[in-house]
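Visitor: Before I ask anything, here is the structure I am working with.
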Amino acid sequence: MKEEKTNVMRVLERAKLDYRHYCYAGTGALSGGEVARALGQDPNRVFKTLVTVGKSGAHYVFLVPVLRELELKRAAASVGEKSVAMVKSKELLGLTGYIHGGCSPIGMKKLFVTRVDRTAERMETILFSAGKIGYQVELAPEALRKVVPFEFAELTAE
């Protein structure tokens with residue numbers, strides 16, 4: 001099966017950033033844990049991209065390890081909102097250009113305020129969606145910062 005180059009990969013290449021890419025299409029992996037297993041990766045290094053809407057109406061992007069849940073109160077506090085709620089799947093494509101399961105923080109239609117779970121701060125590299133179901137990219141958090149400005153924050157419960 002020929003691997004595709006996604007828009008995320010093209011953005012990383014234009015920025016001259018070192019990354020690795022992975023394809024798990026055809027493995028049947030759906031959940032983040034299954035994706036980590038299919039790729040033979042530590043699930044603590046594999047992150048999911050979550051899009052929320054704040055009480056103010058502003059949208060925010062959060063990256064958290066696939067086996068953890070986003071703590072909405074912590075997420076809201078990290079962006080100065082009273083509360084945040086998950087964006088409905090049907091609104092995701094129009095808002096970000098991505099579908100549920102293939103959402104990447106890189107290459108969204110608009111640059112949203114982004115927070116990455118503090119667990120990534122001590123990791124050499126993390127993996128996350130390459131913008132298409134079945135594809136992941138791996139890069140250093142500081143390399144990600146060059147294409148998506150973000151701050152680290154406590155976003156999940158221990």
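Ordering of the structure tokens sets the chain letters (A, B, ...); residue numbers start at 1 within each chain; ligands are numbered from 1 in the order shown.
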Which residues are close to A:Ser129, i.e. within 7 Å by only C-alpha atoms, leaving aside same-chain residues fewer than 6 positions away? Reply as a PyMOL selection string.

Guide: chain A and resi 102-104+135-137

Visitor: Sorted by chain and rising residue number, which residues of stretch 95-149 of chain A lie within 10 Å of stretch 51-55 of chain A, and what are their closest atom pairs and distances in Å to one decimal, counting only C-alpha atoms, as CSV?

Guide:
residue,atom,partner,partner_atom,distance
A:Leu95,CA,A:Val51,CA,9.4
A:Thr96,CA,A:Val51,CA,8.7
A:His100,CA,A:Val51,CA,9.9
A:Cys103,CA,A:Val51,CA,8.7
A:Ser104,CA,A:Val51,CA,9.9
A:Pro105,CA,A:Val51,CA,9.1
A:Phe112,CA,A:Val51,CA,9.2
A:Thr114,CA,A:Val51,CA,9.3

Visitor: Of the candidates A:Lys146, A:Arg45, A:Lys5, A:Arg37, which shows the shortest atom-to-atom distance to A:Ile106, using only C-alpha atoms?

Guide: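 For A:Ile106, the nearest of the candidates is A:Lys146.
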
Visitor: Would you mind telling me which residue in A:Ile133, A:Leu144, A:Met86, A:Leu127 lies nearest to A:Thr6 when using only C-alpha atoms?

Guide: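 Going through A:Ile133, A:Leu144, A:Met86, A:Leu127 one by one, the smallest distance to A:Thr6 is for A:Ile133.
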
Visitor: DSSP says alpha helix (DSSP H) for which residues of chain A? Put them as a ChimeraX atom specification?

Guide: /A:7-14,32-39,72-78,89-96,141-145

Visitor: Can you list, as a short mmCIF file (atom, residue, chain, number, x, y, z; two decimals) with N, CA, C and O atoms, in the first residue's frame, every residue of chain A that DSSP puts in strand (DSSP E or B)?

Guide:
data_model
loop_
_atom_site.label_atom_id
_atom_site.label_comp_id
_atom_site.auth_asym_id
_atom_site.auth_seq_id
_atom_site.Cartn_x
_atom_site.Cartn_y
_atom_site.Cartn_z
N ARG A 20 9.19 12.10 11.91
CA ARG A 20 8.98 10.75 11.38
C ARG A 20 7.50 10.61 11.13
O ARG A 20 6.69 11.25 11.81
N HIS A 21 7.14 9.79 10.17
CA HIS A 21 5.71 9.55 9.95
C HIS A 21 5.43 8.06 10.00
O HIS A 21 6.33 7.24 9.75
N TYR A 22 4.22 7.76 10.36
CA TYR A 22 3.78 6.37 10.52
C TYR A 22 2.42 6.20 9.86
O TYR A 22 1.60 7.11 9.86
N CYS A 23 2.21 5.00 9.33
CA CYS A 23 0.92 4.66 8.75
C CYS A 23 0.38 3.43 9.48
O CYS A 23 1.06 2.41 9.59
N VAL A 46 1.86 9.06 22.70
CA VAL A 46 0.91 9.25 21.60
C VAL A 46 -0.21 10.16 22.10
O VAL A 46 -0.87 9.85 23.09
N PHE A 47 -0.39 11.28 21.42
CA PHE A 47 -1.33 12.31 21.86
C PHE A 47 -2.52 12.42 20.93
O PHE A 47 -2.41 12.21 19.72
N LYS A 48 -3.67 12.77 21.52
CA LYS A 48 -4.86 13.04 20.71
C LYS A 48 -5.08 14.55 20.71
O LYS A 48 -4.72 15.25 21.66
N THR A 49 -5.66 15.03 19.62
CA THR A 49 -5.94 16.45 19.44
C THR A 49 -7.43 16.68 19.70
O THR A 49 -8.27 16.11 19.01
N LEU A 50 -7.74 17.51 20.68
CA LEU A 50 -9.12 17.78 21.06
C LEU A 50 -9.43 19.25 20.84
O LEU A 50 -8.64 20.12 21.21
N VAL A 51 -10.59 19.51 20.26
CA VAL A 51 -11.00 20.89 19.98
C VAL A 51 -12.21 21.21 20.86
O VAL A 51 -13.16 20.44 20.94
N THR A 52 -12.12 22.37 21.51
CA THR A 52 -13.18 22.78 22.44
C THR A 52 -13.66 24.18 22.09
O THR A 52 -13.03 24.91 21.33
N VAL A 53 -14.78 24.53 22.71
CA VAL A 53 -15.30 25.89 22.61
C VAL A 53 -15.50 26.39 24.03
O VAL A 53 -16.01 25.68 24.90
N GLY A 54 -15.04 27.61 24.28
CA GLY A 54 -15.16 28.21 25.60
C GLY A 54 -16.48 28.93 25.78
O GLY A 54 -17.20 29.17 24.81
N HIS A 59 -12.54 29.20 20.36
CA HIS A 59 -12.17 27.79 20.24
C HIS A 59 -10.73 27.58 20.69
O HIS A 59 -9.88 28.46 20.51
N TYR A 60 -10.48 26.39 21.24
CA TYR A 60 -9.17 26.04 21.78
C TYR A 60 -8.81 24.62 21.39
O TYR A 60 -9.69 23.76 21.26
N VAL A 61 -7.51 24.36 21.25
CA VAL A 61 -7.01 23.03 20.91
C VAL A 61 -6.17 22.52 22.07
O VAL A 61 -5.33 23.24 22.61
N PHE A 62 -6.40 21.25 22.43
CA PHE A 62 -5.66 20.62 23.52
C PHE A 62 -5.09 19.30 23.03
O PHE A 62 -5.80 18.52 22.39
N LEU A 63 -3.82 19.03 23.35
CA LEU A 63 -3.20 17.75 23.06
C LEU A 63 -2.95 17.03 24.37
O LEU A 63 -2.29 17.58 25.26
N VAL A 64 -3.50 15.82 24.49
CA VAL A 64 -3.34 15.03 25.70
C VAL A 64 -3.00 13.59 25.32
O VAL A 64 -3.38 13.13 24.24
N PRO A 65 -2.30 12.87 26.20
CA PRO A 65 -1.99 11.45 25.91
C PRO A 65 -3.28 10.67 25.64
O PRO A 65 -4.31 10.91 26.30
N VAL A 84 -15.07 25.19 29.29
CA VAL A 84 -14.94 24.78 27.89
C VAL A 84 -15.73 23.49 27.71
O VAL A 84 -15.92 22.73 28.65
N ALA A 85 -16.18 23.27 26.49
CA ALA A 85 -16.90 22.04 26.14
C ALA A 85 -16.33 21.52 24.83
O ALA A 85 -15.82 22.30 24.00
N MET A 86 -16.41 20.22 24.64
CA MET A 86 -15.91 19.62 23.41
C MET A 86 -16.76 20.10 22.22
O MET A 86 -17.98 20.24 22.34
N VAL A 113 -5.71 29.02 19.91
CA VAL A 113 -4.91 28.94 21.12
C VAL A 113 -4.76 27.45 21.44
O VAL A 113 -5.75 26.71 21.47
N THR A 114 -3.53 27.01 21.67
CA THR A 114 -3.25 25.59 21.84
C THR A 114 -2.50 25.34 23.14
O THR A 114 -1.60 26.10 23.50
N ARG A 115 -2.88 24.26 23.83
CA ARG A 115 -2.19 23.81 25.03
C ARG A 115 -1.84 22.33 24.86
O ARG A 115 -2.63 21.56 24.32
N VAL A 116 -0.64 21.99 25.34
CA VAL A 116 -0.17 20.60 25.28
C VAL A 116 0.01 20.13 26.72
O VAL A 116 0.58 20.85 27.55
N ASP A 117 -0.48 18.93 27.01
CA ASP A 117 -0.36 18.40 28.37
C ASP A 117 1.09 18.41 28.82
O ASP A 117 1.99 18.05 28.06
N ILE A 126 6.95 13.39 20.60
CA ILE A 126 5.58 12.91 20.80
C ILE A 126 5.00 12.58 19.43
O ILE A 126 5.50 13.06 18.40
N LEU A 127 3.96 11.76 19.42
CA LEU A 127 3.27 11.41 18.19
C LEU A 127 1.85 11.96 18.27
O LEU A 127 1.25 11.99 19.35
N PHE A 128 1.32 12.36 17.11
CA PHE A 128 -0.06 12.81 17.02
C PHE A 128 -0.52 12.70 15.58
O PHE A 128 0.29 12.39 14.69
N SER A 129 -1.78 12.95 15.35
CA SER A 129 -2.34 12.76 14.01
C SER A 129 -1.62 13.60 12.96
O SER A 129 -1.30 14.77 13.18
N TYR A 135 -2.74 7.90 9.82
CA TYR A 135 -1.41 8.50 9.73
C TYR A 135 -1.06 9.29 10.98
O TYR A 135 -1.90 10.02 11.51
N GLN A 136 0.18 9.15 11.44
CA GLN A 136 0.68 9.88 12.60
C GLN A 136 2.03 10.48 12.25
O GLN A 136 2.74 9.95 11.38
N VAL A 137 2.38 11.56 12.93
CA VAL A 137 3.73 12.12 12.82
C VAL A 137 4.34 12.14 14.21
O VAL A 137 3.63 12.17 15.22
N GLU A 138 5.65 12.10 14.24
CA GLU A 138 6.41 12.15 15.49
C GLU A 138 7.42 13.28 15.38
O GLU A 138 8.17 13.34 14.40
N LEU A 139 7.42 14.17 16.35
CA LEU A 139 8.42 15.22 16.37
C LEU A 139 8.60 15.75 17.78
O LEU A 139 7.80 15.46 18.67
N GLU A 151 1.44 26.48 24.73
CA GLU A 151 2.00 26.45 26.08
C GLU A 151 1.72 25.08 26.67
O GLU A 151 0.71 24.46 26.35
N PHE A 152 2.60 24.63 27.55
CA PHE A 152 2.35 23.41 28.32
C PHE A 152 1.40 23.76 29.46
O PHE A 152 1.45 24.87 30.00
N ALA A 153 0.53 22.81 29.83
CA ALA A 153 -0.40 23.03 30.93
C ALA A 153 -0.80 21.69 31.53
O ALA A 153 -0.71 20.65 30.86
#

Visitor: Write out as a list in words the residues lying within 8 Å of A:Ala38, counting only C-alpha atoms and excluding same-chain residues fewer than 4 positions away.

Guide: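 The residues that qualify are Tyr24, Thr27, Ala29 and Glu34 of chain A.
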
Visitor: Counting only C-alpha atoms, which residue out of A:Glu81, A:Glu4, A:Glu91, A:Glu142 sits closest to A:Glu124?

Guide: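 Selected residue with least distance to A:Glu124: A:Glu142.
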
Visitor: Could you tell me which of A:Val66, A:Met108, A:Val79, A:Ala36 comes closest to A:Val147 if we count only C-alpha atoms?

Guide: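 Ranking A:Val66, A:Met108, A:Val79, A:Ala36 by distance to A:Val147, first place goes to A:Met108.
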
Visitor: Between A:Thr125, A:Leu39, A:Ser78, A:Tyr19, which is the closest to A:Glu154 once you count only C-alpha atoms?

Guide: A:Ser78

Visitor: Please indicate the distance in Å from atom CA of A:Gly40 to atom CA of A:Met9, rounded to one decimal place.

Guide: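 Pair atom CA of A:Gly40 / atom CA of A:Met9 returns 20.8 Å.
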
Visitor: Which value, in Å to one decimal, gives the distance between atom CA of A:Asn7 and atom CA of A:Gly107?

Guide: 6.9 Å
